[in-house]
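Asks: Just one file: protein-v6.txt, with compact mmCIF, C-alpha atoms and all ligand atoms.
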# COMPACT_ATOMS: atom_id res chain seq x y z
CA MET A 1 0.00 0.00 0.00
CA ASN A 2 0.98 3.65 -0.36
CA ILE A 3 1.39 5.63 2.86
CA LEU A 4 1.42 9.36 3.54
CA LEU A 5 3.23 10.39 6.72
CA VAL A 6 2.41 13.88 7.97
CA GLY A 7 5.13 15.93 9.69
CA GLY A 8 8.74 16.96 9.24
CA GLY A 9 10.71 16.44 12.45
CA GLY A 10 12.86 13.79 14.09
CA ARG A 11 9.75 11.79 14.97
CA GLU A 12 8.75 11.58 11.32
CA HIS A 13 12.28 10.73 10.16
CA THR A 14 12.27 7.85 12.63
CA LEU A 15 8.86 6.64 11.45
CA ALA A 16 9.99 6.89 7.80
CA TRP A 17 13.14 4.90 8.63
CA LYS A 18 11.03 2.22 10.30
CA ILE A 19 8.34 2.11 7.58
CA ASN A 20 11.13 1.66 5.04
CA LYS A 21 11.86 -1.73 6.69
CA SER A 22 8.27 -2.90 6.17
CA THR A 23 7.36 -5.31 3.40
CA LEU A 24 3.83 -3.88 3.31
CA CYS A 25 4.61 -0.35 2.12
CA ASP A 26 4.90 0.20 -1.63
CA HIS A 27 5.56 3.89 -1.64
CA LEU A 28 6.01 6.30 1.24
CA PHE A 29 5.28 10.02 0.93
CA ILE A 30 6.16 12.49 3.66
CA ALA A 31 4.51 15.92 3.98
CA PRO A 32 6.61 17.98 4.31
CA GLY A 33 9.45 15.74 5.55
CA ASN A 34 13.05 16.94 5.84
CA ALA A 35 16.48 16.19 4.37
CA GLY A 36 16.62 12.97 6.40
CA THR A 37 13.32 11.52 5.22
CA SER A 38 14.01 11.80 1.48
CA PRO A 39 16.02 8.54 1.15
CA PHE A 40 12.96 6.65 2.46
CA GLY A 41 10.24 8.21 0.35
CA THR A 42 9.12 11.29 -1.51
CA ASN A 43 8.92 14.58 0.35
CA ILE A 44 5.79 16.51 -0.59
CA PRO A 45 5.70 20.29 -0.05
CA LEU A 46 2.35 20.32 1.75
CA ALA A 47 1.75 21.85 5.19
CA VAL A 48 0.52 19.56 7.99
CA ASN A 49 -2.70 21.59 8.40
CA ASP A 50 -3.55 21.73 4.67
CA PHE A 51 -6.27 19.06 4.92
CA GLU A 52 -7.64 19.79 1.47
CA GLY A 53 -4.22 19.55 -0.15
CA LEU A 54 -3.38 16.35 1.73
CA ALA A 55 -6.72 14.75 0.77
CA ALA A 56 -6.30 15.65 -2.90
CA PHE A 57 -2.77 14.23 -2.82
CA CYS A 58 -3.99 10.96 -1.24
CA ILE A 59 -6.71 10.49 -3.85
CA LYS A 60 -4.36 11.18 -6.75
CA ASN A 61 -1.63 8.89 -5.43
CA ILE A 62 -3.86 6.04 -4.18
CA VAL A 63 -2.73 6.44 -0.58
CA ALA A 64 -4.29 3.80 1.69
CA MET A 65 -2.92 4.96 5.05
CA LEU A 66 -2.38 8.39 6.56
CA ILE A 67 -0.08 8.51 9.59
CA VAL A 68 -0.28 11.79 11.47
CA GLY A 69 2.84 12.76 13.44
CA PRO A 70 2.19 16.11 15.13
CA GLU A 71 -0.70 17.13 17.41
CA GLU A 72 -1.92 20.23 15.60
CA PRO A 73 -3.65 18.56 12.63
CA LEU A 74 -5.13 15.96 15.00
CA VAL A 75 -6.53 18.56 17.39
CA LYS A 76 -7.85 20.48 14.36
CA GLY A 77 -9.70 17.36 13.20
CA ILE A 78 -7.77 15.77 10.31
CA TYR A 79 -9.23 12.35 11.23
CA ASP A 80 -12.83 13.61 10.94
CA TYR A 81 -12.02 15.53 7.76
CA PHE A 82 -10.84 12.33 6.04
CA LYS A 83 -13.66 10.18 7.46
CA ASN A 84 -16.37 12.67 6.51
CA ARG A 85 -15.33 13.04 2.88
CA GLU A 86 -16.76 10.40 0.60
CA ASP A 87 -13.60 10.24 -1.52
CA THR A 88 -11.22 9.78 1.46
CA ALA A 89 -13.39 7.85 3.96
CA HIS A 90 -11.72 4.57 2.94
CA ILE A 91 -8.23 5.81 3.91
CA GLN A 92 -6.93 4.40 7.20
CA VAL A 93 -6.04 7.35 9.42
CA ILE A 94 -3.66 6.69 12.31
CA GLY A 95 -4.60 9.23 14.95
CA PRO A 96 -7.65 10.03 17.10
CA SER A 97 -10.83 11.84 16.12
CA LYS A 98 -11.03 15.57 16.87
CA GLU A 99 -13.11 14.90 19.97
CA ALA A 100 -10.69 12.31 21.36
CA ALA A 101 -7.68 14.51 20.52
CA GLN A 102 -9.07 16.89 23.16
CA LEU A 103 -7.15 14.70 25.59
CA GLU A 104 -4.17 16.76 24.41
CA GLY A 105 -5.99 19.77 22.97
CA SER A 106 -7.69 20.74 26.23
CA LYS A 107 -6.10 20.24 29.65
CA ALA A 108 -9.51 20.84 31.25
CA PHE A 109 -11.04 18.09 29.08
CA ALA A 110 -8.22 15.69 30.02
CA LYS A 111 -8.55 16.45 33.74
CA ALA A 112 -12.33 15.94 33.69
CA PHE A 113 -11.86 12.68 31.75
CA MET A 114 -9.41 11.41 34.38
CA GLU A 115 -11.74 12.42 37.16
CA ARG A 116 -14.66 10.56 35.53
CA HIS A 117 -12.60 7.38 35.21
CA ASN A 118 -10.72 7.51 38.52
CA ILE A 119 -7.33 7.86 36.86
CA PRO A 120 -4.70 9.17 39.31
CA THR A 121 -3.69 12.77 38.57
CA ALA A 122 -2.88 15.96 40.49
CA ALA A 123 -5.80 17.71 42.21
CA TYR A 124 -7.02 20.70 40.15
CA LYS A 125 -9.61 23.33 39.38
CA GLU A 126 -10.25 25.18 36.11
CA PHE A 127 -10.98 28.87 35.67
CA ASP A 128 -11.80 31.27 32.83
CA THR A 129 -12.80 34.91 32.39
CA SER A 130 -16.16 34.31 34.03
CA THR A 131 -14.59 32.77 37.16
CA TYR A 132 -11.52 35.02 37.30
CA ASP A 133 -12.09 36.30 40.86
CA ALA A 134 -12.64 32.78 42.19
CA GLY A 135 -9.35 31.81 40.52
CA ILE A 136 -7.49 34.61 42.33
CA GLN A 137 -8.95 33.39 45.62
CA TYR A 138 -8.06 29.77 44.81
CA ILE A 139 -4.43 30.73 44.11
CA ARG A 140 -4.17 32.76 47.35
CA ASN A 141 -5.16 29.68 49.37
CA HIS A 142 -3.14 27.17 47.32
CA PRO A 143 0.00 25.59 48.80
CA LEU A 144 3.29 26.20 46.95
CA PRO A 145 4.50 25.51 44.34
CA ILE A 146 1.46 26.15 42.13
CA VAL A 147 1.18 24.71 38.62
CA LEU A 148 -0.69 26.84 36.04
CA LYS A 149 -1.61 25.29 32.71
CA ALA A 150 -3.03 27.00 29.64
CA ASP A 151 -5.99 24.88 28.56
CA GLY A 152 -5.21 24.67 24.83
CA LEU A 153 -2.18 23.88 22.70
CA ALA A 154 0.68 26.25 23.47
CA ALA A 155 3.61 24.62 21.66
CA GLY A 156 4.94 23.06 24.86
CA LYS A 157 5.15 26.42 26.67
CA GLY A 158 1.77 26.49 28.40
CA VAL A 159 2.82 25.10 31.80
CA ILE A 160 4.17 27.47 34.45
CA ILE A 161 5.36 26.30 37.85
CA CYS A 162 5.28 29.15 40.37
CA ASN A 163 7.20 29.17 43.64
CA ASN A 164 5.37 32.09 45.20
CA HIS A 165 1.83 33.45 45.21
CA ILE A 166 2.69 36.84 43.68
CA GLU A 167 4.18 35.19 40.60
CA ALA A 168 1.23 32.79 40.32
CA LEU A 169 -1.28 35.65 40.53
CA ALA A 170 0.65 37.65 37.91
CA GLU A 171 0.86 34.69 35.52
CA PHE A 172 -2.82 33.90 35.99
CA GLN A 173 -3.71 37.49 35.15
CA LEU A 174 -1.40 37.47 32.09
CA MET A 175 -3.00 34.28 30.82
CA ILE A 176 -6.64 35.23 31.30
CA GLN A 177 -6.68 39.01 30.90
CA ASN A 178 -3.67 39.63 28.62
CA SER A 179 -4.02 36.48 26.47
CA LYS A 180 -0.40 35.45 27.16
CA PHE A 181 -1.02 32.17 25.30
CA GLY A 182 -3.74 33.53 23.03
CA GLU A 183 -7.10 31.79 23.12
CA ALA A 184 -5.30 28.62 24.32
CA GLY A 185 -4.65 30.24 27.69
CA LYS A 186 -7.94 31.98 28.40
CA ARG A 187 -9.00 28.92 30.32
CA VAL A 188 -6.49 27.88 32.99
CA VAL A 189 -6.06 24.69 34.96
CA ILE A 190 -4.57 25.28 38.41
CA GLU A 191 -2.99 22.13 39.69
CA GLN A 192 -1.27 20.60 42.70
CA PHE A 193 2.50 20.23 42.26
CA LEU A 194 3.72 16.64 42.18
CA ASP A 195 7.28 15.90 43.16
CA GLY A 196 8.82 12.89 41.47
CA ILE A 197 10.59 11.44 38.49
CA GLU A 198 8.89 11.51 35.09
CA VAL A 199 8.44 8.75 32.55
CA SER A 200 6.68 8.77 29.17
CA VAL A 201 4.50 5.74 28.47
CA PHE A 202 3.34 4.99 24.93
CA VAL A 203 0.27 2.98 24.01
CA LEU A 204 -1.12 2.11 20.62
CA THR A 205 -4.88 1.57 20.67
CA ASP A 206 -7.54 0.65 18.16
CA GLY A 207 -10.17 2.04 20.52
CA LYS A 208 -10.86 -1.37 22.04
CA ASN A 209 -7.58 -3.25 22.33
CA PHE A 210 -4.17 -1.81 23.12
CA VAL A 211 -0.49 -2.67 23.06
CA ILE A 212 2.12 -1.07 25.26
CA LEU A 213 5.16 0.26 23.42
CA PRO A 214 8.55 0.88 25.03
CA GLU A 215 8.62 3.66 27.62
CA ALA A 216 11.08 6.56 27.56
CA LYS A 217 12.33 9.49 29.55
CA ASP A 218 13.02 12.77 27.85
CA TYR A 219 15.29 15.60 28.97
CA LYS A 220 13.50 18.90 28.53
CA LYS A 221 15.96 21.40 30.04
CA ILE A 222 18.59 23.03 27.85
CA GLY A 223 21.47 22.77 30.35
CA ILE A 224 23.67 20.04 31.80
CA GLY A 225 22.16 18.47 34.95
CA ASP A 226 18.59 19.53 33.97
CA THR A 227 19.15 23.27 34.34
CA GLY A 228 17.93 26.34 32.45
CA PRO A 229 14.83 26.85 30.32
CA ASN A 230 12.61 24.14 28.88
CA THR A 231 13.01 23.00 25.28
CA GLY A 232 11.09 20.64 23.02
CA GLY A 233 13.45 17.92 24.30
CA MET A 234 17.24 17.62 24.30
CA GLY A 235 17.45 13.85 24.33
CA ALA A 236 15.74 10.69 25.51
CA VAL A 237 16.47 7.21 26.83
CA SER A 238 14.63 3.88 26.62
CA PRO A 239 14.10 1.66 28.55
CA VAL A 240 13.75 3.64 31.78
CA PRO A 241 15.41 1.61 34.55
CA PHE A 242 12.81 2.25 37.30
CA ALA A 243 9.89 1.43 34.98
CA ASP A 244 10.31 -2.32 35.49
CA ALA A 245 7.66 -5.00 34.94
CA ALA A 246 6.13 -4.51 38.40
CA TYR A 247 5.85 -0.74 37.92
CA MET A 248 4.41 -1.12 34.41
CA GLU A 249 1.80 -3.52 35.80
CA ILE A 250 0.64 -0.79 38.21
CA VAL A 251 0.58 1.69 35.31
CA THR A 252 -1.43 -0.76 33.19
CA GLN A 253 -4.04 -1.42 35.87
CA LYS A 254 -4.40 2.10 37.26
CA ILE A 255 -3.87 4.20 34.16
CA ILE A 256 -3.79 2.46 30.77
CA LYS A 257 -6.81 0.17 31.19
CA PRO A 258 -9.10 2.84 32.66
CA THR A 259 -8.00 5.22 29.88
CA ILE A 260 -8.91 2.81 27.08
CA GLU A 261 -12.13 1.79 28.84
CA GLY A 262 -12.95 5.47 29.30
CA LEU A 263 -12.53 6.11 25.57
CA GLN A 264 -14.87 3.21 24.83
CA LYS A 265 -17.50 4.19 27.41
CA GLU A 266 -17.59 7.72 26.04
CA SER A 267 -17.58 6.54 22.41
CA LEU A 268 -14.45 8.52 21.66
CA ASP A 269 -13.08 7.29 18.34
CA TYR A 270 -9.38 6.62 18.83
CA LYS A 271 -7.11 4.61 16.54
CA GLY A 272 -3.61 5.78 17.19
CA PHE A 273 -0.86 6.48 19.67
CA ILE A 274 -1.45 7.75 23.19
CA PHE A 275 1.52 9.29 24.96
CA ILE A 276 0.94 9.37 28.71
CA GLY A 277 3.27 11.65 30.65
CA LEU A 278 3.56 10.17 34.14
CA ILE A 279 5.19 11.33 37.31
CA ASN A 280 6.27 8.70 39.79
CA VAL A 281 5.53 9.77 43.35
CA GLN A 282 6.95 7.22 45.80
CA GLY A 283 6.24 4.29 43.49
CA GLU A 284 2.75 5.50 42.52
CA PRO A 285 2.16 6.82 38.98
CA PHE A 286 0.13 10.00 38.37
CA VAL A 287 -0.81 11.35 34.95
CA ILE A 288 0.75 14.73 34.18
CA GLU A 289 -0.64 14.90 30.67
CA TYR A 290 -2.01 12.98 27.73
CA ASN A 291 -0.73 13.59 24.21
CA CYS A 292 -2.58 12.23 21.21
CA ARG A 293 0.59 11.31 19.27
CA LEU A 294 4.12 10.05 19.73
CA GLY A 295 6.65 12.24 21.54
CA ASP A 296 9.67 13.87 20.04
CA PRO A 297 12.51 12.96 20.82
CA GLU A 298 11.01 9.88 22.55
CA THR A 299 10.08 8.38 19.16
CA GLU A 300 13.78 8.32 18.25
CA VAL A 301 14.42 5.79 21.05
CA ILE A 302 11.18 3.82 21.23
CA ILE A 303 10.44 3.08 17.57
CA PRO A 304 13.87 1.54 16.87
CA ARG A 305 13.36 -0.85 19.83
CA ILE A 306 10.15 -2.26 18.31
CA GLU A 307 10.99 -5.39 16.33
CA ASN A 308 7.58 -5.81 14.64
CA ASP A 309 6.74 -4.56 11.18
CA LEU A 310 5.30 -1.13 11.98
CA VAL A 311 2.91 -1.07 9.02
CA GLU A 312 1.50 -4.42 10.11
CA ILE A 313 0.70 -3.12 13.59
CA LEU A 314 -0.72 0.13 12.24
CA SER A 315 -2.99 -1.80 9.84
CA ALA A 316 -4.17 -3.91 12.78
CA THR A 317 -4.86 -0.64 14.64
CA ALA A 318 -6.97 0.77 11.84
CA GLU A 319 -8.87 -2.53 11.50
CA GLN A 320 -9.41 -3.00 15.27
CA ARG A 321 -7.34 -6.18 15.31
CA LEU A 322 -4.64 -5.14 17.79
CA ASN A 323 -5.57 -8.17 19.93
CA GLU A 324 -3.86 -10.27 17.21
CA ILE A 325 -0.52 -8.47 17.63
CA ASN A 326 2.32 -9.56 19.88
CA ILE A 327 4.72 -6.71 20.40
CA CYS A 328 8.41 -7.69 20.41
CA ILE A 329 10.77 -5.22 22.03
CA SER A 330 14.57 -5.27 21.80
CA LYS A 331 16.34 -5.59 25.15
CA GLN A 332 18.95 -3.07 24.04
CA TYR A 333 19.22 0.42 25.49
CA ALA A 334 18.66 3.31 23.15
CA VAL A 335 19.80 6.87 23.82
CA THR A 336 19.18 9.84 21.56
CA VAL A 337 21.09 13.10 21.90
CA MET A 338 19.71 16.20 20.21
CA ALA A 339 22.02 18.67 18.48
CA VAL A 340 20.44 22.13 18.53
CA SER A 341 21.14 25.54 17.02
CA GLY A 342 23.09 28.06 19.12
CA GLY A 343 20.70 30.21 21.17
CA TYR A 344 17.87 27.64 21.16
CA PRO A 345 15.26 27.60 22.79
CA ASN A 346 15.42 31.36 22.29
CA GLU A 347 16.21 33.14 19.05
CA HIS A 348 18.59 31.19 16.85
CA GLU A 349 19.94 31.26 13.33
CA THR A 350 19.26 28.60 10.70
CA GLY A 351 20.66 27.82 7.25
CA LYS A 352 24.06 26.66 8.60
CA VAL A 353 25.87 23.95 6.66
CA ILE A 354 26.07 20.60 8.49
CA THR A 355 29.24 18.57 7.94
CA GLY A 356 30.24 15.08 9.04
CA LEU A 357 26.84 13.50 8.46
CA THR A 358 27.64 10.77 6.01
CA ASP A 359 31.30 9.82 6.19
CA THR A 360 31.54 8.68 9.80
CA VAL A 361 28.34 6.79 10.61
CA LEU A 362 29.03 4.11 13.20
CA GLU A 363 27.39 0.73 13.49
CA GLY A 364 24.72 0.88 16.16
CA THR A 365 24.01 4.56 15.53
CA VAL A 366 21.34 6.27 13.43
CA ILE A 367 21.30 9.99 12.74
CA PHE A 368 17.72 11.25 12.62
CA HIS A 369 17.09 14.70 11.19
CA ALA A 370 14.86 16.95 13.29
CA GLY A 371 15.20 20.29 11.50
CA THR A 372 17.19 20.11 8.27
CA LYS A 373 16.80 21.06 4.64
CA GLN A 374 18.55 19.78 1.53
CA GLN A 375 20.09 22.45 -0.72
CA GLY A 376 21.93 20.98 -3.68
CA ASP A 377 24.42 18.55 -2.20
CA LYS A 378 24.45 20.35 1.16
CA VAL A 379 22.32 19.73 4.25
CA LEU A 380 21.42 22.94 6.11
CA THR A 381 20.04 23.52 9.59
CA ASN A 382 16.37 24.43 9.47
CA GLY A 383 15.13 24.77 13.04
CA GLY A 384 16.03 24.90 16.72
CA ARG A 385 16.35 21.16 17.07
CA VAL A 386 18.49 19.92 14.18
CA LEU A 387 19.64 16.30 14.60
CA ALA A 388 18.77 13.47 16.98
CA VAL A 389 21.61 10.97 17.16
CA THR A 390 20.34 7.62 18.45
CA SER A 391 22.70 4.83 19.53
CA PHE A 392 22.05 1.36 20.90
CA GLY A 393 24.06 -0.47 23.53
CA GLU A 394 24.08 -3.14 26.20
CA SER A 395 23.93 -0.37 28.78
CA LEU A 396 22.57 3.13 28.85
CA ALA A 397 26.06 4.53 29.40
CA GLU A 398 27.44 2.70 26.37
CA ALA A 399 24.65 3.98 24.11
CA ALA A 400 25.00 7.55 25.42
CA GLU A 401 28.77 7.55 24.93
CA GLN A 402 28.42 6.35 21.38
CA SER A 403 25.94 9.12 20.50
CA ASN A 404 28.27 11.70 22.04
CA TYR A 405 31.21 10.26 20.09
CA MET A 406 29.21 10.46 16.87
CA LEU A 407 28.29 14.09 17.60
CA GLU A 408 31.96 14.97 17.99
CA GLN A 409 32.33 14.14 14.27
CA ILE A 410 29.42 16.38 13.21
CA HIS A 411 29.60 20.14 12.93
CA PHE A 412 27.56 23.24 12.20
CA ASP A 413 28.02 26.82 13.38
CA GLY A 414 26.68 27.24 16.93
CA MET A 415 25.92 23.52 17.41
CA TYR A 416 25.15 22.53 21.01
CA TYR A 417 24.13 19.27 22.67
CA ARG A 418 23.83 17.89 26.19
CA GLU A 419 26.56 15.36 26.88
CA ASP A 420 24.77 14.08 29.99
CA ILE A 421 21.57 12.55 28.58
CA GLY A 422 20.57 9.69 30.89
CA PHE A 423 22.95 10.96 33.60
CA GLU A 424 20.93 9.71 36.57
CA PHE A 425 20.94 6.15 35.24
CA ARG A 426 24.54 5.90 34.01
P1 LIG B 1 3.31 19.51 29.94
O1 LIG B 1 3.39 20.68 28.99
O2 LIG B 1 1.95 19.20 30.41
O3 LIG B 1 4.13 18.36 29.42
O4 LIG B 1 4.12 19.93 31.23
C1 LIG B 1 5.44 20.32 31.13
C2 LIG B 1 6.20 19.89 32.32
O5 LIG B 1 5.74 20.56 33.49
C3 LIG B 1 6.06 18.42 32.64
O6 LIG B 1 6.90 17.62 31.88
C4 LIG B 1 6.44 18.42 34.11
O7 LIG B 1 7.85 18.44 34.24
C5 LIG B 1 5.91 19.71 34.61
N1 LIG B 1 4.61 19.55 35.28
C6 LIG B 1 3.38 19.58 34.71
N2 LIG B 1 2.43 19.37 35.64
C7 LIG B 1 3.05 19.19 36.81
C8 LIG B 1 2.61 18.94 38.15
N3 LIG B 1 1.32 18.85 38.47
N4 LIG B 1 3.55 18.80 39.10
C9 LIG B 1 4.86 18.90 38.80
N5 LIG B 1 5.34 19.15 37.58
C10 LIG B 1 4.45 19.30 36.59
N1 LIG B 2 9.01 15.31 24.20
C1 LIG B 2 7.77 15.82 24.59
C2 LIG B 2 6.75 15.92 23.55
O1 LIG B 2 6.89 15.42 22.44
O2 LIG B 2 5.73 16.54 23.82
If you convert what's in this file into structure tokens, what do you get?
Ligand code: AMP
Ligand code: GLY

Replies:
Amino acid sequence: MNILLVGGGGREHTLAWKINKSTLCDHLFIAPGNAGTSPFGTNIPLAVNDFEGLAAFCIKNIVAMLIVGPEEPLVKGIYDYFKNREDTAHIQVIGPSKEAAQLEGSKAFAKAFMERHNIPTAAYKEFDTSTYDAGIQYIRNHPLPIVLKADGLAAGKGVIICNNHIEALAEFQLMIQNSKFGEAGKRVVIEQFLDGIEVSVFVLTDGKNFVILPEAKDYKKIGIGDTGPNTGGMGAVSPVPFADAAYMEIVTQKIIKPTIEGLQKESLDYKGFIFIGLINVQGEPFVIEYNCRLGDPETEVIIPRIENDLVEILSATAEQRLNEINICISKQYAVTVMAVSGGYPNEHETGKVITGLTDTVLEGTVIFHAGTKQQGDKVLTNGGRVLAVTSFGESLAEAAEQSNYMLEQIHFDGMYYREDIGFEFR
């Protein structure tokens, strides 16, 4: 079958790399893709939110499966758009319906869903313009630290953790009255702070059955030792040593099962990946957030550890046959280290020539492109996050060292990466 993969980051490069190993894919298209995806398929210059353009392309090129990488088209309803059009309704769409994507698209929706299904999460209340004064009062009486969350999508920036009440009140006012996060932030979830170590759990569901994919931990802070501002992710590791079989059994019973049953009970149409951000508080998992897609850079460590044919498991997802699938996971450790542009996550330059990409590739290492662009025979930087270098090893330390070694051979002006990814487990 022909497949169209939507997106253009490290996550999509990894998916393209994996789909390329499948015997079931005739031709892969990636919209828009990047310099790294082009050896595995045809990059199509269509934007991820151009539903009409994507549909027309699928019809013309007899695409049978649409795999949606990023959250924005999902939250905007790409699944429903394809299902509701007579000429695209037959196309298998991997991703939830618009309503189910609210699990990521609205923090208030996700919190209410968890409350309805007794899924452990931090205590919270939601406020908007009409309940502004009650929100101020709630913050004044709230123990510190206080977590404020913009309700809608805010490109990973919508969560603010405040260590004093004055800051929390100011941020609340900025969000509701000054539209700090636009419409996304005019409804605010105020949440109890949970102190613990985070782990990202990935589930693939057909709406009825589910399979658990490898878990990962990502490193969001820009600086060594988890310091400085948040980024989209500076690296990731998988497996996560504390998420052993006993812990994952607790997660399955208390979180994954009630989530899938909740989707079913509420008739939320969901055939795709669920990324559950958990925080481990003294051995007990709590949900920090749901995402309706795979994570980036988590994908760069979890997808390579899956030994199954990805297209086979995605077809089973679309056809509600996931109960027939046995997931096989490699025992190896995978570590990805992200090379970013100088200045990221703040203002940064792009268009820098990348050298050292092809001549020094090591066995056990894959270089995934996160933000790159081909120009003639050169590969240029094209974003804040540029490359995700994934290595495999018998230990986390071995895999991390190999990625760092590989990055020493690669260069572009202003390049920066964290050498300590996975530090607490090495
Ligand atoms: P999110 O955008 O929902 O992924 O949140 C960003 C980050 O904020 C998470 O990865 C956590 O590190 C942190 N965070 C979110 N909610 C809480 C909470 N209730 N307690 C502690 N940390 C939190
Ligand atoms: N790495 C976090 C995310 O993809 O949202």

Asks: Pick the closest to ligand LIG 2 (chain B) from A:Thr231, A:Asn34, A:Asn308, A:Thr205: which is it, counting all atoms listed in the file?

Replies: A:Thr231

Asks: Which is closer to ligand LIG 1 (chain B) than all the others in A:Asp195, A:Glu171, A:Glu99, A:Glu86, using only C-alpha atoms and all ligand atoms?

Replies: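 Using only C-alpha atoms and all ligand atoms, ligand LIG 1 (chain B) sits closest to A:Asp195.
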
Asks: With only C-alpha atoms and all ligand atoms as the atoms that count, which of A:His27, A:Arg11, A:His142, A:Lys111 lies nearest to ligand LIG 2 (chain B)?

Replies: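 Counting only C-alpha atoms and all ligand atoms, the residue closest to ligand LIG 2 (chain B) is A:Arg11.
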
Asks: Using only C-alpha atoms, find each residue of region 133-243 of chain A with at least one atom at most 10 Å away from an atom of region 53-75 of chain A; report its shortest atom-to-atom pair and that distance in Å (one decimal), sort the rows by chain and rising residue number, and return the result as JSON lines.

Replies:
{"residue": "A:Gly152", "atom": "CA", "partner": "A:Val75", "partner_atom": "CA", "distance": 9.7}
{"residue": "A:Leu153", "atom": "CA", "partner": "A:Glu72", "partner_atom": "CA", "distance": 8.0}
{"residue": "A:Ala155", "atom": "CA", "partner": "A:Glu72", "partner_atom": "CA", "distance": 9.3}

Asks: Given only C-alpha atoms as the basis, pick out the residue of A:Asp296, A:Asp206, A:Glu284, A:Asp244 nearest to Glu324 (chain A).

Replies: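 Ranked by minimum distance to Glu324 (chain A), first place goes to A:Asp206.
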
Asks: May I have the residues within 10 Å of ligand LIG 1 (chain B), computed using all atoms listed in the file, as a PDB file with C-alpha atoms, in the frame of the given file?

Replies:
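For reference, pocket-v1.pdb as written:
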ATOM      1  CA  GLU A 104      -4.170  16.760  24.410  1.00  0.00           C
ATOM      2  CA  LYS A 107      -6.100  20.240  29.650  1.00  0.00           C
ATOM      3  CA  THR A 121      -3.690  12.770  38.570  1.00  0.00           C
ATOM      4  CA  ALA A 122      -2.880  15.960  40.490  1.00  0.00           C
ATOM      5  CA  ALA A 123      -5.800  17.710  42.210  1.00  0.00           C
ATOM      6  CA  TYR A 124      -7.020  20.700  40.150  1.00  0.00           C
ATOM      7  CA  PRO A 145       4.500  25.510  44.340  1.00  0.00           C
ATOM      8  CA  ILE A 146       1.460  26.150  42.130  1.00  0.00           C
ATOM      9  CA  VAL A 147       1.180  24.710  38.620  1.00  0.00           C
ATOM     10  CA  LEU A 148      -0.690  26.840  36.040  1.00  0.00           C
ATOM     11  CA  LYS A 149      -1.610  25.290  32.710  1.00  0.00           C
ATOM     12  CA  ALA A 150      -3.030  27.000  29.640  1.00  0.00           C
ATOM     13  CA  ASP A 151      -5.990  24.880  28.560  1.00  0.00           C
ATOM     14  CA  LEU A 153      -2.180  23.880  22.700  1.00  0.00           C
ATOM     15  CA  ALA A 154       0.680  26.250  23.470  1.00  0.00           C
ATOM     16  CA  ALA A 155       3.610  24.620  21.660  1.00  0.00           C
ATOM     17  CA  GLY A 156       4.940  23.060  24.860  1.00  0.00           C
ATOM     18  CA  LYS A 157       5.150  26.420  26.670  1.00  0.00           C
ATOM     19  CA  GLY A 158       1.770  26.490  28.400  1.00  0.00           C
ATOM     20  CA  VAL A 159       2.820  25.100  31.800  1.00  0.00           C
ATOM     21  CA  ILE A 160       4.170  27.470  34.450  1.00  0.00           C
ATOM     22  CA  ILE A 161       5.360  26.300  37.850  1.00  0.00           C
ATOM     23  CA  ILE A 190      -4.570  25.280  38.410  1.00  0.00           C
ATOM     24  CA  GLU A 191      -2.990  22.130  39.690  1.00  0.00           C
ATOM     25  CA  GLN A 192      -1.270  20.600  42.700  1.00  0.00           C
ATOM     26  CA  PHE A 193       2.500  20.230  42.260  1.00  0.00           C
ATOM     27  CA  LEU A 194       3.720  16.640  42.180  1.00  0.00           C
ATOM     28  CA  ASP A 195       7.280  15.900  43.160  1.00  0.00           C
ATOM     29  CA  GLY A 196       8.820  12.890  41.470  1.00  0.00           C
ATOM     30  CA  ILE A 197      10.590  11.440  38.490  1.00  0.00           C
ATOM     31  CA  GLU A 198       8.890  11.510  35.090  1.00  0.00           C
ATOM     32  CA  VAL A 199       8.440   8.750  32.550  1.00  0.00           C
ATOM     33  CA  SER A 200       6.680   8.770  29.170  1.00  0.00           C
ATOM     34  CA  ASP A 218      13.020  12.770  27.850  1.00  0.00           C
ATOM     35  CA  TYR A 219      15.290  15.600  28.970  1.00  0.00           C
ATOM     36  CA  LYS A 220      13.500  18.900  28.530  1.00  0.00           C
ATOM     37  CA  LYS A 221      15.960  21.400  30.040  1.00  0.00           C
ATOM     38  CA  ASN A 230      12.610  24.140  28.880  1.00  0.00           C
ATOM     39  CA  THR A 231      13.010  23.000  25.280  1.00  0.00           C
ATOM     40  CA  GLY A 232      11.090  20.640  23.020  1.00  0.00           C
ATOM     41  CA  ILE A 276       0.940   9.370  28.710  1.00  0.00           C
ATOM     42  CA  GLY A 277       3.270  11.650  30.650  1.00  0.00           C
ATOM     43  CA  LEU A 278       3.560  10.170  34.140  1.00  0.00           C
ATOM     44  CA  ILE A 279       5.190  11.330  37.310  1.00  0.00           C
ATOM     45  CA  PHE A 286       0.130  10.000  38.370  1.00  0.00           C
ATOM     46  CA  VAL A 287      -0.810  11.350  34.950  1.00  0.00           C
ATOM     47  CA  ILE A 288       0.750  14.730  34.180  1.00  0.00           C
ATOM     48  CA  GLU A 289      -0.640  14.900  30.670  1.00  0.00           C
ATOM     49  CA  TYR A 290      -2.010  12.980  27.730  1.00  0.00           C
ATOM     50  CA  ASN A 291      -0.730  13.590  24.210  1.00  0.00           C
TER      51      ASN A 291
END

Asks: In Å, with one decimal, what is the gap from atom N1 of ligand LIG 2 (chain B) to CA of Thr299 (chain A)?

Replies: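 Separating atom N1 of ligand LIG 2 (chain B) from CA of Thr299 (chain A) is a distance of 8.6 Å.
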
Asks: Rounded to one decimal in Å, what is the spacing between CA of Cys25 (chain A) and CA of Asn2 (chain A)?

Replies: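 Separation of CA of Cys25 (chain A) and CA of Asn2 (chain A): 5.9 Å.
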